Amino acid sequence: MKCSDSGIEFLKKEEGVRLQAYQDSIGVWTVGVGHTGKEVGAGMTITEDETDALLRADLETAEKCVNNCVAVPLTQNQFDALCSFVFNLGCASLRNSTLLKKLNSSDDEGASEEFKKWNHAGGRVLVGLTKRRMAESELFQTA
């Protein structure tokens with residue numbers, strides 16, 4: 001599966017779009033739509049086209065992770081929610097999660113609740129992550 005256009009818009013809303021590099025809540029240099037990497041640093045500026053290209057490339061990693069980890073059929077909204085989760089937290093977080101265990105045992109409701117537990121960064125609960133995980137959970141549950 002691939003992330004849908006509405007999934008990409010969801011991700012842009014949750015991550016935000018920033019053309020100038022900034023440090024996120026735990027000090028990681030970020031640009032575009034949540035793009036991080038060695039090349040991102042203070043003073044870096046990118047265009048809208050570069051933002052879209054970076055997002056598409058970064059999303060391929062999340063899509064591959066979800067496709068490889070999930071052993072049950074998914075709706076498009078479930079896939080998009082999982083891509084947002086992986087985009088933000090990385091593949092290892094999904095691979096080692098109770099969320100995935102519940103999902104792969106066909107416990108969609110239990111899996112949906114697990115999103116909400118991933119609202120910490122730097123050892124503390126963040127309001128923004130709490131809202132994001134709620135939105136992912138709601139998207140996951142939407143038919």
# chains A, B, ... in the order shown; residues from 1 in each chain; ligands from 1
>>> residues_around(residues="A:Val70", least_positions_apart="4", cutoff="8 Å", atoms="only C-alpha atoms", output="list in words")
Val66, Leu100, Leu103 and Asn104 of chain A
>>> write_last_selection(atoms="N, CA, C and O atoms", output="PDB file, in the first residue's frame")
ATOM      1  N   VAL A  66       5.418  -0.175   7.348  1.00  0.00           N
ATOM      2  CA  VAL A  66       4.050  -0.624   7.625  1.00  0.00           C
ATOM      3  C   VAL A  66       3.736  -1.860   6.793  1.00  0.00           C
ATOM      4  O   VAL A  66       3.205  -2.850   7.315  1.00  0.00           O
ATOM      5  N   LEU A 100       1.260  -2.971  17.347  1.00  0.00           N
ATOM      6  CA  LEU A 100       1.415  -3.919  16.241  1.00  0.00           C
ATOM      7  C   LEU A 100       0.948  -5.321  16.657  1.00  0.00           C
ATOM      8  O   LEU A 100       0.283  -6.003  15.876  1.00  0.00           O
ATOM      9  N   LEU A 103      -2.773  -5.264  16.574  1.00  0.00           N
ATOM     10  CA  LEU A 103      -3.231  -5.162  15.192  1.00  0.00           C
ATOM     11  C   LEU A 103      -3.093  -6.498  14.470  1.00  0.00           C
ATOM     12  O   LEU A 103      -4.033  -6.967  13.825  1.00  0.00           O
ATOM     13  N   ASN A 104      -1.940  -7.116  14.586  1.00  0.00           N
ATOM     14  CA  ASN A 104      -1.697  -8.386  13.898  1.00  0.00           C
ATOM     15  C   ASN A 104      -2.498  -9.548  14.480  1.00  0.00           C
ATOM     16  O   ASN A 104      -2.602 -10.597  13.848  1.00  0.00           O
TER      17      ASN A 104
END
>>> closest_residue(among="A:Asn88, A:Ser97, A:Gln141, A:Thr30", to="A:Thr61", atoms="only C-alpha atoms")
A:Asn88
>>> closest_residue(among="A:Ser84, A:Val28, A:Leu126, A:Phe115", to="A:Cys65", atoms="only C-alpha atoms")
A:Ser84
>>> closest_residue(among="A:Ser106, A:Thr47, A:Asn77, A:Thr36", to="A:Phe10", atoms="only C-alpha atoms")
A:Asn77
>>> residues_around(residues="A:Glu39", least_positions_apart="5", cutoff="12 Å", atoms="only C-alpha atoms", output="list in words")
Ala21, Val28, Trp29, Thr30, Val31, Met44, Thr45 and Ile46 of chain A
>>> residues_around(residues="A:Ser112", least_positions_apart="5", cutoff="10 Å", atoms="only C-alpha atoms", output="list in words")
Gln78, Ala81, Leu99, Leu100, Lys102, Leu103, Asp107, Arg133, Met134, Glu136, Ser137, Glu138, Leu139, Phe140 and Gln141 of chain A
>>> select_by_dssp(residues="chain A", states="strand (DSSP E)", output="PyMOL selection string")
chain A and resi 18-23+29-32+120-121+124-125
>>> select_by_dssp(residues="stretch 1-124 of chain A", states="helix (DSSP H, G or I)", output="MDAnalysis selection string")
chainID A and resid 5:15 48:69 76:89 91:95 98:104 108:115
>>> closest_residue(among="A:Leu74, A:Ala57, A:Val33, A:Ile26", to="A:Lys12", atoms="only C-alpha atoms")
A:Val33
>>> atom_distance(atom1="atom CA of A:Cys3", atom2="atom CA of A:Glu48")
19.3 Å
>>> atom_distance(atom1="atom CA of A:Arg56", atom2="atom CA of A:Cys91")
16.4 Å
>>> atom_distance(atom1="atom CA of A:Lys2", atom2="atom CA of A:Thr75")
11.3 Å
>>> closest_residue(among="A:Val40, A:Ser25, A:Asn96, A:Asn68", to="A:Val125", atoms="only C-alpha atoms")
A:Ser25
